[in-house]
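*Asks:* Quick one: the structure is below, questions incoming.
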Amino acid sequence: MTNFNLEPLVIALNAPKGNYEVTVSIKSHCDTVFSVFEETAGFVAENREISNGTSADIMFRTSTDDGIEVIIYCDGDITATAFAEYIN
């Protein structure tokens, strides 16, 4: 894994117990490398490169007893959003 120098970006989603499909959308404001982690799913994207001005969507499935926490590690300037859709 890359040695990321910036603090991680944490996105906390309220979600009752269940299974979810999560989409994380990342927009880069410079050339950077990022990794996305979620406790149950583990690393869902590792050392992914993204160019300045481009976007990437990361989709994965996870289950929770009480909320979903997405952690994004990066070495550059990004913005990110996430949403979770309940699935059976």
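Chains: A, B, ... in order of the structure tokens. Residues: from 1 per chain. Ligands: from 1, in order shown.
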For Glu49 of chain A, find every residue with an atom within 7 Å (counting only C-alpha atoms), except residues of its own chain fewer than 2 positions away, and show them as a list of chain:residue names.
*Replies:*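 Using only C-alpha atoms, the neighbours found are A:Thr32, A:Val33, A:Phe34, A:Asn47, A:Ser51.
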*Asks:* In chain A, what's strand (DSSP E or B) per DSSP? Answer as a ChimeraX atom specification?
*Replies:* /A:9-28,32-38,42-50,55-74,78-87
*Asks:* Counting only C-alpha atoms, what is within 12 Å of Phe83 of chain A, bar same-chain residues fewer than 5 positions away, as a compact mmCIF listing (two decimals) with N, CA and C atoms, in the first residue's frame?
*Replies:*
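Contents of out.txt, as written:
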# COMPACT_ATOMS: atom_id res chain seq x y z
N ILE A 11 -16.30 9.10 5.80
CA ILE A 11 -17.70 9.37 5.50
C ILE A 11 -18.53 8.37 6.30
N ALA A 12 -19.34 8.87 7.22
CA ALA A 12 -20.19 8.03 8.06
C ALA A 12 -21.62 8.07 7.53
N LEU A 13 -22.17 6.90 7.26
CA LEU A 13 -23.53 6.78 6.75
C LEU A 13 -24.41 6.13 7.80
N ASN A 14 -25.54 6.75 8.11
CA ASN A 14 -26.51 6.12 9.00
C ASN A 14 -27.20 5.01 8.23
N ALA A 15 -27.18 3.82 8.80
CA ALA A 15 -27.81 2.68 8.12
C ALA A 15 -28.21 1.66 9.17
N TYR A 20 -26.15 -3.76 2.17
CA TYR A 20 -26.20 -2.55 1.38
C TYR A 20 -25.25 -2.60 0.19
N GLU A 21 -25.64 -1.91 -0.87
CA GLU A 21 -24.72 -1.62 -1.96
C GLU A 21 -24.31 -0.15 -1.79
N VAL A 22 -23.02 0.07 -1.68
CA VAL A 22 -22.48 1.40 -1.41
C VAL A 22 -21.79 1.92 -2.66
N THR A 23 -22.02 3.19 -2.98
CA THR A 23 -21.32 3.86 -4.07
C THR A 23 -20.57 5.04 -3.49
N VAL A 24 -19.26 5.06 -3.73
CA VAL A 24 -18.42 6.18 -3.32
C VAL A 24 -17.98 6.90 -4.59
N SER A 25 -18.25 8.19 -4.68
CA SER A 25 -17.86 8.99 -5.84
C SER A 25 -16.73 9.93 -5.41
N ASP A 57 -16.08 6.27 -9.59
CA ASP A 57 -17.11 5.68 -8.73
C ASP A 57 -16.64 4.30 -8.30
N ILE A 58 -16.69 4.05 -7.01
CA ILE A 58 -16.34 2.76 -6.44
C ILE A 58 -17.61 2.17 -5.86
N MET A 59 -17.99 0.97 -6.29
CA MET A 59 -19.20 0.32 -5.79
C MET A 59 -18.82 -0.98 -5.11
N PHE A 60 -19.47 -1.25 -3.97
CA PHE A 60 -19.22 -2.50 -3.25
C PHE A 60 -20.42 -2.84 -2.39
N ARG A 61 -20.48 -4.08 -1.93
CA ARG A 61 -21.55 -4.53 -1.04
C ARG A 61 -20.98 -4.76 0.35
N GLY A 67 -24.75 1.29 11.00
CA GLY A 67 -24.00 2.33 10.30
C GLY A 67 -22.86 1.80 9.44
N ILE A 68 -22.46 2.61 8.48
CA ILE A 68 -21.38 2.28 7.54
C ILE A 68 -20.38 3.42 7.59
N GLU A 69 -19.11 3.08 7.75
CA GLU A 69 -18.06 4.09 7.78
C GLU A 69 -17.07 3.80 6.64
N VAL A 70 -17.00 4.72 5.70
CA VAL A 70 -16.10 4.61 4.56
C VAL A 70 -14.88 5.48 4.85
*Asks:* Using only C-alpha atoms for the distances, tell me which of A:Ile71, A:Ile26, A:Leu6, A:Ala80 is nearest to Thr40 of chain A.
*Replies:*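 Of all the options, A:Ile71 lies closest to Thr40 of chain A.
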*Asks:* Find the residue from A:Ala56, A:Asp77, A:Phe43, A:Ser63 that sits nearest to Gly18 of chain A; use only C-alpha atoms when measuring.
*Replies:*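 When distances to Gly18 of chain A are compared using only C-alpha atoms, the smallest one comes from A:Ser63.
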*Asks:* Counting only C-alpha atoms, which of A:Thr64, A:Cys30, A:Tyr73, A:Ile87 gets nearest to Pro16 of chain A?
*Replies:*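 Of A:Thr64, A:Cys30, A:Tyr73, A:Ile87, the one nearest Pro16 of chain A is A:Thr64, counting only C-alpha atoms.
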*Asks:* Would you compute the distance between atom CA of Cys74 of chain A and atom CA of Asn19 of chain A? Give it in Å to one decimal.
*Replies:* 27.0 Å
*Asks:* One decimal, in Å: what's the spacing between atom CA of Ser28 of chain A and atom CA of Asn5 of chain A?
*Replies:*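 Computing the Euclidean distance for atom CA of Ser28 of chain A and atom CA of Asn5 of chain A yields 16.2 Å.
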*Asks:* What does the distance between atom CA of Asn88 of chain A and atom CA of Ile72 of chain A come to in Å, to one decimal place?
*Replies:* 26.3 Å
